[in-house]
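Chemist: Let me begin by handing over the structure; questions about it come next.
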Protein chains: 2
Amino acid sequence: MAVVVTKYGGSSVATPDHIKKVAQRLVARKNSGDQVITVVSAMGDTTDELTDLADAITDSPHNRELDMLLSTGEQVTIALLAMAVQELGCPAISFTGAQVGILTDEVHSKARIVSIDAARVKEALENDHIVIIAGFQGTTAVVSEPPRPSVVIWPSAVAIAAGIDADVCEINSDVAGVYTADPNVVKDARKLDRISYEEMLELAASGAGVLCMRSVEFARNHGVTIYCRSSFSDESGTIVTNEENDMEQAIVAAVTHDSSEAKITIRGVEDRPGIAATLFDALAEENVNVDMVIQNISEEGLTDISFTVPHADLERAQSAVNSVIEEIGARTWVLDEDVAKISIIGGGMRTHPGVTAKMFRALADADINIDLISTSPIRLSCIIALDDAERAVCVLHKAFGLEVTSAT
Amino acid sequence: MAVVVTKYGGSSVATPDHIKKVAQRLVARKNSGDQVITVVSAMGDTTDELTDLADAITDSPHNRELDMLLSTGEQVTIALLAMAVQELGCPAISFTGAQVGILTDEVHSKARIVSIDAARVKEALENDHIVIIAGFQGTTAVVSEPPRPSVVIWPSAVAIAAGIDADVCEINSDVAGVYTADPNVVKDARKLDRISYEEMLELAASGAGVLCMRSVEFARNHGVTIYCRSSFSDESGTIVTNEENDMEQAIVAAVTHDSSEAKITIRGVEDRPGIAATLFDALAEENVNVDMVIQNISEEGLTDISFTVPHADLERAQSAVNSVIEEIGARTWVLDEDVAKISIIGGGMRTHPGVTAKMFRALADADINIDLISTSPIRLSCIIALDDAERAVCVLHKAFGLEVTSAT
């Protein structure tokens, strides 16, 4: 008998019919002998509708009251899902985050999940119940108080799994697993059976939308195995867990692309200490998330600095650059919005030095120009023209032999 | 400085604009020097929408999960109202019922309000906040488990006022106070400045929809003064409090009419002990709310028994009557759906014996036939034909001199 935490996102519980289907899956799982806990999000667009209500009242809601408002979305889902499970003749009980002690009470939007009342959950499980818990949605804490805080889903399913020592945390969504590339772009993309936390973190940071980084980080830090699968079918998904030394590791596990960023280049900057600090201090003050940063080799005491920022931060980034352009003695700056970041990710890259050359060669053969390059021990990212992005993904997917192979 | 609990119902907070107006009233009240607590309901039709969701899942939701679902309605309102007050520059904090300890955890739908964490509310008041609390909606407990429990609003505003020793509990609604008769029927109906708990209870039981009986009973039992006024204007309302001996008491305070009941008459019943018990046991088993009961004087050992029941209970009432009609040896029974109950209510009736005669005379002069009569020490009710109801109210309102008088 395993203790399983399953998570269903908003699209999996969008309507009463969806909720009934989730109830069927939970009951089947329990009948197979497992103890089942499930964590659910608000139905479909509920969170947007609630946010619209807040917008009609104020441009700058306090975080505590925004939490109070938005948490009603999950509370509706847990009640309906508990009813649906009960309707199938199986005992069920719903808990808000507060009822199982998930939330800290004091610092609302920065609330880290500090503790879980595991006893209450375990008692319900021992009493043969399916336990249904509201996935907490909070608001991100930001430094510079922009017009409104953005809403993120906290990794409550993973935290709950850690808190009650569950055997696995199953994330059910409309994505059936982790793929070697976006199946919408690469027709023969392959679903991975297994991927390491480190690789998954790089994937999440490079544009793969399956799991949020925070969930993966939390899982890695607390040793929670994640099983990522479809809400709508019974096919097997992808296990995210520790790297295992005894299994043969793919050199490159996956190729990702991300077109959510723009590139800014500052030209003719004096090459002396403090210049970069001044620039990036100004960007930080405007709360701009800088991703890649590249400084060219200096020629005649002048250099170029390029960096990428999310499109959402672009206005603030430009204002920050304008505020320091004189101070850093730059000639000019240019913006390129039509760029994409292509990344290859794989734990085996650490020990296989030829990967970089192979990537550049494959792109060159396809006549795709590389604009910027950045690396981590298990990732290699290039900025290229947006128009080339999907072609580049296909080229790299093929170059590293990631396609579906017929069974041998 | 007074401590004031104000209550706003669903129609007063139906939209974000309504909520902003309520916020303005609360801030004005606080700026006038009072400590302000407010209790709010779900916005407009929210409760119906949530009930529809539950209906799409199951015909028989468990009460605990129905409470979990429906309480989200109030939670949305408290968050939005807190934001609206903060937007006006005034500190505010919202609490769910659970956060201020209003709910018992064990017996959900029968939950009596057992305790309030007054310390938490008072601390927020001392810190200069307007305190906003979710009015709890629970489900009624019923004996015979009908297809679905009905939803009622519990008197949480009055209970909170009692729990924190507030000076007054202000009920704001689309009714501007307690009137001598329904202003839609009697053009010169007068708003009462003041009415006793006892009179108000009789009014509520006789068809006046201003306050629910449970709230008035709770207020009387805990000595909470209620102030009943309009959500939408600043005109003065009606105070509901203890009868005071030193003020001149109106003999008749108000006239009400109620067309929500039907009349059943059992004819030719043997006049012997146990007959009435058999009949009303059968009605109780079917969960029928019997209001008035009249048994005629026996002629030749046979009598007639008449009683009134809400239209909503009529089907069950008929089935109960049919089940015992042979056993009680009755000849036949008849149903009259087109009846109305007209009542006059006033604390002074206790000491003024001429009131009954005056009522009957006024109705007789207007050629209105009285079908059944029932009395309490401070109320006199007649069943008459539905078609005569509005005319009867006008006649009695005039006969007892309740109309608006020009200032002297």
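Convention: chains lettered A, B, ... in structure tokens order; per-chain residue numbering from 1; ligands numbered from 1 as shown.
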Got a sec to pull out which chain B residues are within 10 Å of chain A, counting only C-alpha atoms, and send them as a PyMOL selection string?

Modeler: chain B and resi 15-17+19-20+50+53-88+92-96+98-99

Chemist: Assign secondary structure with DSSP using the backbone only, and return the residues of stretch 218-312 of chain A in helix (DSSP H, G or I) as a ChimeraX atom specification.

Modeler: /A:218-222,275-285,311-312

Chemist: Those same residues - all heavy atoms - I'd like them written as a tab-separated table (two decimals), in the first residue's frame.

Modeler:
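Saved the output as selection.tsv:
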```tsv
chain	number	residue	atom	x	y	z
A	218	PHE	N	11.49	22.28	-4.56
A	218	PHE	CA	10.99	21.77	-3.28
A	218	PHE	C	11.11	20.25	-3.23
A	218	PHE	O	11.53	19.66	-2.23
A	218	PHE	CB	9.53	22.21	-3.08
A	218	PHE	CG	9.07	22.11	-1.66
A	218	PHE	CD1	9.03	23.22	-0.84
A	218	PHE	CD2	8.68	20.89	-1.12
A	218	PHE	CE1	8.61	23.14	0.47
A	218	PHE	CE2	8.25	20.79	0.20
A	218	PHE	CZ	8.21	21.92	0.99
A	219	ALA	N	10.74	19.60	-4.36
A	219	ALA	CA	10.80	18.14	-4.42
A	219	ALA	C	12.24	17.65	-4.25
A	219	ALA	O	12.50	16.70	-3.50
A	219	ALA	CB	10.22	17.65	-5.75
A	220	ARG	N	13.16	18.32	-4.92
A	220	ARG	CA	14.57	17.92	-4.81
A	220	ARG	C	15.05	18.10	-3.37
A	220	ARG	O	15.66	17.21	-2.79
A	220	ARG	CB	15.43	18.77	-5.74
A	220	ARG	CG	16.91	18.42	-5.68
A	220	ARG	CD	17.76	19.46	-6.39
A	220	ARG	NE	17.56	20.78	-5.82
A	220	ARG	CZ	18.09	21.90	-6.28
A	220	ARG	NH1	18.84	21.86	-7.36
A	220	ARG	NH2	17.87	23.04	-5.70
A	221	ASN	N	14.73	19.26	-2.78
A	221	ASN	CA	15.23	19.54	-1.44
A	221	ASN	C	14.66	18.59	-0.39
A	221	ASN	O	15.27	18.36	0.65
A	221	ASN	CB	14.91	20.99	-1.05
A	221	ASN	CG	15.66	21.98	-1.92
A	221	ASN	OD1	16.62	21.60	-2.61
A	221	ASN	ND2	15.23	23.21	-1.93
A	222	HIS	N	13.45	18.06	-0.65
A	222	HIS	CA	12.81	17.19	0.34
A	222	HIS	C	12.72	15.74	-0.13
A	222	HIS	O	12.05	14.93	0.50
A	222	HIS	CB	11.42	17.71	0.68
A	222	HIS	CG	11.45	19.04	1.39
A	222	HIS	ND1	11.59	20.23	0.72
A	222	HIS	CD2	11.39	19.35	2.70
A	222	HIS	CE1	11.61	21.22	1.60
A	222	HIS	NE2	11.48	20.71	2.81
A	275	ILE	N	30.89	49.47	-14.38
A	275	ILE	CA	29.91	49.77	-15.42
A	275	ILE	C	28.74	48.79	-15.35
A	275	ILE	O	27.57	49.20	-15.27
A	275	ILE	CB	30.56	49.71	-16.81
A	275	ILE	CG1	31.59	50.83	-16.97
A	275	ILE	CG2	29.50	49.75	-17.91
A	275	ILE	CD1	30.97	52.20	-17.06
A	276	ALA	N	29.08	47.49	-15.33
A	276	ALA	CA	28.02	46.47	-15.30
A	276	ALA	C	27.20	46.60	-14.03
A	276	ALA	O	25.96	46.48	-14.04
A	276	ALA	CB	28.62	45.07	-15.42
A	277	ALA	N	27.88	46.87	-12.92
A	277	ALA	CA	27.17	47.00	-11.64
A	277	ALA	C	26.13	48.12	-11.71
A	277	ALA	O	24.99	47.96	-11.27
A	277	ALA	CB	28.16	47.27	-10.52
A	278	THR	N	26.53	49.26	-12.27
A	278	THR	CA	25.60	50.39	-12.39
A	278	THR	C	24.38	50.00	-13.20
A	278	THR	O	23.23	50.28	-12.83
A	278	THR	CB	26.32	51.58	-13.07
A	278	THR	OG1	27.47	51.91	-12.30
A	278	THR	CG2	25.39	52.79	-13.18
A	279	LEU	N	24.63	49.33	-14.34
A	279	LEU	CA	23.53	48.95	-15.23
A	279	LEU	C	22.58	47.97	-14.55
A	279	LEU	O	21.36	48.18	-14.54
A	279	LEU	CB	24.12	48.31	-16.50
A	279	LEU	CG	23.11	47.70	-17.47
A	279	LEU	CD1	22.15	48.76	-18.01
A	279	LEU	CD2	23.85	47.01	-18.63
A	280	PHE	N	23.14	46.92	-13.93
A	280	PHE	CA	22.26	45.89	-13.38
A	280	PHE	C	21.62	46.29	-12.05
A	280	PHE	O	20.55	45.80	-11.70
A	280	PHE	CB	22.98	44.52	-13.35
A	280	PHE	CG	23.21	44.00	-14.76
A	280	PHE	CD1	24.44	44.12	-15.38
A	280	PHE	CD2	22.14	43.47	-15.47
A	280	PHE	CE1	24.63	43.69	-16.69
A	280	PHE	CE2	22.33	43.04	-16.79
A	280	PHE	CZ	23.57	43.15	-17.41
A	281	ASP	N	22.25	47.22	-11.36
A	281	ASP	CA	21.58	47.82	-10.20
A	281	ASP	C	20.30	48.54	-10.65
A	281	ASP	O	19.24	48.42	-10.03
A	281	ASP	CB	22.49	48.85	-9.51
A	281	ASP	CG	23.44	48.18	-8.53
A	281	ASP	OD1	23.29	46.96	-8.32
A	281	ASP	OD2	24.32	48.88	-8.01
A	282	ALA	N	20.44	49.31	-11.74
A	282	ALA	CA	19.28	50.07	-12.23
A	282	ALA	C	18.16	49.11	-12.66
A	282	ALA	O	16.98	49.36	-12.41
A	282	ALA	CB	19.70	50.96	-13.40
A	283	LEU	N	18.54	48.00	-13.31
A	283	LEU	CA	17.53	47.02	-13.74
A	283	LEU	C	16.87	46.36	-12.53
A	283	LEU	O	15.64	46.15	-12.50
A	283	LEU	CB	18.18	45.95	-14.63
A	283	LEU	CG	18.59	46.48	-16.02
A	283	LEU	CD1	19.57	45.51	-16.69
A	283	LEU	CD2	17.37	46.68	-16.91
A	284	ALA	N	17.68	46.06	-11.50
A	284	ALA	CA	17.13	45.42	-10.31
A	284	ALA	C	16.14	46.35	-9.61
A	284	ALA	O	15.09	45.93	-9.13
A	284	ALA	CB	18.25	45.01	-9.36
A	285	GLU	N	16.49	47.64	-9.59
A	285	GLU	CA	15.59	48.61	-8.95
A	285	GLU	C	14.24	48.67	-9.64
A	285	GLU	O	13.22	48.92	-9.00
A	285	GLU	CB	16.23	50.01	-8.95
A	285	GLU	CG	16.95	50.30	-7.65
A	285	GLU	CD	17.79	51.55	-7.76
A	285	GLU	OE1	17.30	52.54	-8.36
A	285	GLU	OE2	18.94	51.54	-7.25
A	311	HIS	N	9.45	39.73	-22.02
A	311	HIS	CA	8.68	40.79	-22.67
A	311	HIS	C	7.87	41.59	-21.65
A	311	HIS	O	7.70	42.80	-21.79
A	311	HIS	CB	7.73	40.19	-23.73
A	311	HIS	CG	8.43	39.78	-24.99
A	311	HIS	ND1	8.89	40.70	-25.91
A	311	HIS	CD2	8.77	38.57	-25.47
A	311	HIS	CE1	9.47	40.07	-26.92
A	311	HIS	NE2	9.41	38.76	-26.68
A	312	ALA	N	7.39	40.91	-20.62
A	312	ALA	CA	6.56	41.57	-19.62
A	312	ALA	C	7.33	42.66	-18.88
A	312	ALA	O	6.74	43.61	-18.36
A	312	ALA	CB	6.03	40.55	-18.62
```

Chemist: Which polymer residues have any atom within 12 Å of an atom of A:Cys212, counting only C-alpha atoms, with same-chain residues fewer than 2 positions away left out, as number ranges by chain?

Modeler: A: 152-158, 171, 197, 200-210, 214-219, 228

Chemist: With N, CA and C atoms retained, write the just-selected residues as an mmCIF file, in the first residue's frame.

Modeler:
```cif
data_model
loop_
_atom_site.group_PDB
_atom_site.id
_atom_site.type_symbol
_atom_site.label_atom_id
_atom_site.label_comp_id
_atom_site.auth_asym_id
_atom_site.auth_seq_id
_atom_site.Cartn_x
_atom_site.Cartn_y
_atom_site.Cartn_z
ATOM 1 N N VAL A 152 0.867 33.289 -8.345
ATOM 2 C CA VAL A 152 1.563 32.051 -8.668
ATOM 3 C C VAL A 152 0.960 30.915 -7.874
ATOM 4 N N ILE A 153 1.135 29.719 -8.381
ATOM 5 C CA ILE A 153 0.692 28.554 -7.630
ATOM 6 C C ILE A 153 1.860 28.049 -6.799
ATOM 7 N N TRP A 154 1.654 27.984 -5.524
ATOM 8 C CA TRP A 154 2.695 27.482 -4.650
ATOM 9 C C TRP A 154 2.705 25.968 -4.708
ATOM 10 N N PRO A 155 3.850 25.382 -4.428
ATOM 11 C CA PRO A 155 3.972 23.927 -4.626
ATOM 12 C C PRO A 155 3.358 23.161 -3.477
ATOM 13 N N SER A 156 2.056 23.410 -3.234
ATOM 14 C CA SER A 156 1.484 22.806 -2.045
ATOM 15 C C SER A 156 1.376 21.295 -2.167
ATOM 16 N N ALA A 157 1.136 20.770 -3.369
ATOM 17 C CA ALA A 157 1.035 19.315 -3.510
ATOM 18 C C ALA A 157 2.355 18.662 -3.098
ATOM 19 N N VAL A 158 3.463 19.193 -3.592
ATOM 20 C CA VAL A 158 4.773 18.638 -3.262
ATOM 21 C C VAL A 158 5.070 18.811 -1.773
ATOM 22 N N ILE A 171 1.482 14.606 -10.415
ATOM 23 C CA ILE A 171 0.956 15.863 -10.952
ATOM 24 C C ILE A 171 0.179 15.538 -12.224
ATOM 25 N N TYR A 197 15.985 15.667 -11.132
ATOM 26 C CA TYR A 197 15.570 16.994 -10.672
ATOM 27 C C TYR A 197 16.352 18.104 -11.368
ATOM 28 N N MET A 200 15.272 18.615 -14.819
ATOM 29 C CA MET A 200 13.927 19.178 -14.839
ATOM 30 C C MET A 200 13.954 20.659 -14.490
ATOM 31 N N LEU A 201 14.844 21.034 -13.553
ATOM 32 C CA LEU A 201 14.975 22.451 -13.197
ATOM 33 C C LEU A 201 15.438 23.263 -14.395
ATOM 34 N N GLU A 202 16.416 22.732 -15.113
ATOM 35 C CA GLU A 202 16.911 23.450 -16.291
ATOM 36 C C GLU A 202 15.828 23.517 -17.360
ATOM 37 N N LEU A 203 15.080 22.436 -17.516
ATOM 38 C CA LEU A 203 13.973 22.431 -18.480
ATOM 39 C C LEU A 203 12.955 23.505 -18.129
ATOM 40 N N ALA A 204 12.561 23.551 -16.840
ATOM 41 C CA ALA A 204 11.554 24.528 -16.409
ATOM 42 C C ALA A 204 12.060 25.940 -16.629
ATOM 43 N N ALA A 205 13.379 26.147 -16.389
ATOM 44 C CA ALA A 205 13.943 27.485 -16.558
ATOM 45 C C ALA A 205 14.129 27.851 -18.019
ATOM 46 N N SER A 206 14.010 26.867 -18.903
ATOM 47 C CA SER A 206 14.299 27.113 -20.321
ATOM 48 C C SER A 206 13.053 27.090 -21.182
ATOM 49 N N GLY A 207 11.899 27.105 -20.571
ATOM 50 C CA GLY A 207 10.697 27.257 -21.364
ATOM 51 C C GLY A 207 9.740 26.081 -21.372
ATOM 52 N N ALA A 208 10.109 24.941 -20.744
ATOM 53 C CA ALA A 208 9.169 23.818 -20.686
ATOM 54 C C ALA A 208 8.154 24.092 -19.577
ATOM 55 N N GLY A 209 6.866 24.052 -19.922
ATOM 56 C CA GLY A 209 5.855 24.500 -18.970
ATOM 57 C C GLY A 209 5.245 23.408 -18.112
ATOM 58 N N VAL A 210 5.797 22.221 -18.116
ATOM 59 C CA VAL A 210 5.164 21.095 -17.424
ATOM 60 C C VAL A 210 5.061 21.315 -15.917
ATOM 61 N N ARG A 214 9.582 26.077 -8.771
ATOM 62 C CA ARG A 214 9.476 26.025 -7.329
ATOM 63 C C ARG A 214 9.080 24.615 -6.841
ATOM 64 N N SER A 215 8.172 23.975 -7.574
ATOM 65 C CA SER A 215 7.767 22.614 -7.194
ATOM 66 C C SER A 215 8.946 21.656 -7.295
ATOM 67 N N VAL A 216 9.699 21.774 -8.393
ATOM 68 C CA VAL A 216 10.824 20.857 -8.610
ATOM 69 C C VAL A 216 11.901 21.088 -7.553
ATOM 70 N N GLU A 217 12.180 22.352 -7.261
ATOM 71 C CA GLU A 217 13.173 22.669 -6.224
ATOM 72 C C GLU A 217 12.768 22.068 -4.885
ATOM 73 N N PHE A 218 11.487 22.278 -4.562
ATOM 74 C CA PHE A 218 10.990 21.771 -3.279
ATOM 75 C C PHE A 218 11.105 20.246 -3.230
ATOM 76 N N ALA A 219 10.737 19.599 -4.357
ATOM 77 C CA ALA A 219 10.799 18.138 -4.419
ATOM 78 C C ALA A 219 12.235 17.653 -4.249
ATOM 79 N N CYS A 228 4.622 12.795 -13.266
ATOM 80 C CA CYS A 228 3.966 13.798 -14.085
ATOM 81 C C CYS A 228 3.178 13.080 -15.182
#
```

Chemist: Using only C-alpha atoms, determine which residues lie at most 6 Å from stretch 251-268 of chain A, disregarding the query and same-chain residues fewer than 5 positions distant; provide the list as a PyMOL selection string.

Modeler: chain A and resi 180-181+207+302-311+330-337+340-346+348-349

Chemist: One decimal, Å: what's the distance from atom CA of A:Ala364 over to atom CA of A:Pro377, could you say?

Modeler: 22.7 Å
